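One structure below.
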Amino acid sequence: MDNIIPEFSIVIPVYNEQENIPELYKRLTEVMDTLCTSRELSINYYEIIMVDDGSTDGSWEIIKKLHYDDKRVKGINFSRNFGHHIAITAGLDYIKGNTVILMDGDLQDPPEEIPKLYQKFQEGYDLVYGIRQKRNDSLFKILTSKFFWWILRKFSGVEMPKDQTMLRVLSKRLVESIKQMRENARFIHGMMAWVGFNSANVEIRHNPRTKGKSKYNLPKMFKLAFHAVTSFSAIPLKLASYLGFSSSFLSFLIGLYFLYKKIFFNIPVPGYASIIVSVFFVGGIQLLVLGIMGEYIGRTYQEVQRRPLYIIKESFIEE
Ligand code: UDP
Ligand code: MG
């Protein structure tokens, strides 16, 4: 196995998915064995790279055991939780195959859909997205996710297909270009759209999560949305200047109006309330703008530190 270069590399980020990994392994290897045999490849022509993103349950033990029994399974174990998109990055850093399949470890996107995506991929695309036909999640998840994607598609400045899942097939050259992007604040969906190349969409089924919980809570989603918008556009900074410009223009007009009333009709300008309101209004805008600038400066600081994206505690993977 060691000297065979696999044709397929499957990258799976895993965070506390001990209930899902055994079934995932079983279903995925069945699909991949069939896919390889149908192309007259040996069933050794794929590798499964599971990246354990600092799980606190038994996920890593299960991955170790799988690797022990089946050397096609490789594992990377982080020293702590670094986040979904960083776990994906680590997996992509170690792929050997020419065709890369990316999927989540919670079985919401069924592995049985891979052949469909691969068939499309063979038409010559560098990226084939699995697109959800119908989302099987809680109403809260659907609404927050809809809002999140609305913001992203509107403000991130990169074109991203709607309803995309993590299940996708990528060419090696696309992965190589992603590997060159080493920014800390990672938003994989945006990065994959940013590098260009030809892509296609294929509709796939989406299942409810049967085991384990969603790892994306509201703060995590906010963090990702923020990374996403700030790493692909400076629109929030522009928003600051628009706000500044419009509020000064507005106050200029109001000032003119008061002046006009005072000069021509000698009507005294009513004081306290309007002053307080405008003080708070302007103060609020200033703080908002400062905050936005601060966030960008914070981001810049984080990037110039050039820390490694992740720390590996243990791994079963050849360099
Ligand atoms: N995940 C991860 N690190 C995290 C959060 C999630 O590696 O910090 C993994 C998780 O195990 C799963 C995938 O990323 O395989 C997607 O997470 P999840 O299903 O919780 O997200 P959702 O589908 O609810 O958006
Ligand atoms: Mg999920």
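Identifiers in this document derive from the order of the structure tokens: chains are assigned A, B, ..., residues are numbered from 1 separately in each chain, and ligands are numbered from 1 in order of occurrence.
Close contacts of range 232-238 of chain A, defined as residues with an atom at most 7 Å away when counting only C-alpha atoms, with chain neighbours fewer than 2 positions off set aside, comprise Phe155, Ser156, Gly157, Ala228, Val229, Thr230, Ala240, Ser241, Tyr242, Ile292 and Met293 of chain A.
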task = Could you tell me, counting only C-alpha atoms and all ligand atoms, which protein and nucleic acid residues lie no more than 10 Å from ligand 2, written as a PyMOL selection string?
result = chain A and resi 103-109+136-137+165-166+206-210+212-216
message = List the spatial neighbours of Gln133 in chain A as a PyMOL selection string - criterion: any atom at most 7 Å away, only C-alpha atoms, same-chain residues fewer than 6 positions off excluded.
response = chain A and resi 203-206
task = Step one, run DSSP on the backbone; step two, keep only residues of range 60-213 of chain A assigned to alpha helix (DSSP H); then write them as JSON, numbers by chain.
result = {"A": [60, 61, 62, 63, 64, 65, 66, 67, 68, 69, 84, 85, 86, 87, 88, 89, 90, 91, 92, 93, 114, 115, 116, 117, 118, 119, 120, 121, 139, 140, 141, 142, 143, 144, 145, 146, 147, 148, 149, 150, 151, 152, 153, 154, 155, 172, 173, 174, 175, 176, 177, 178, 179, 188, 189, 190, 191, 192, 193, 194]}
message = Can you pull out every residue from range 22-198 of chain A that DSSP, working from the backbone, puts in strand (DSSP E or B), and format the result as JSON, numbers by chain?
response = {"A": [46, 47, 48, 49, 50, 51, 52, 73, 74, 75, 76, 77, 78, 99, 100, 101, 102, 127, 128, 129, 130, 131, 132, 164, 165, 166, 167, 168, 169, 170, 171]}
key: Polymer residues at most 9 Å from Ala193 in chain A, only C-alpha atoms, same-chain spacing of 3 or more positions, as a list of chain:residue names   =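 Contacts, with the query itself left out: A:Val158, A:Glu159, A:Met160, A:Pro161, A:Ile188, A:His189, A:Gly190, A:Gly196, A:Phe197, A:Ser199.
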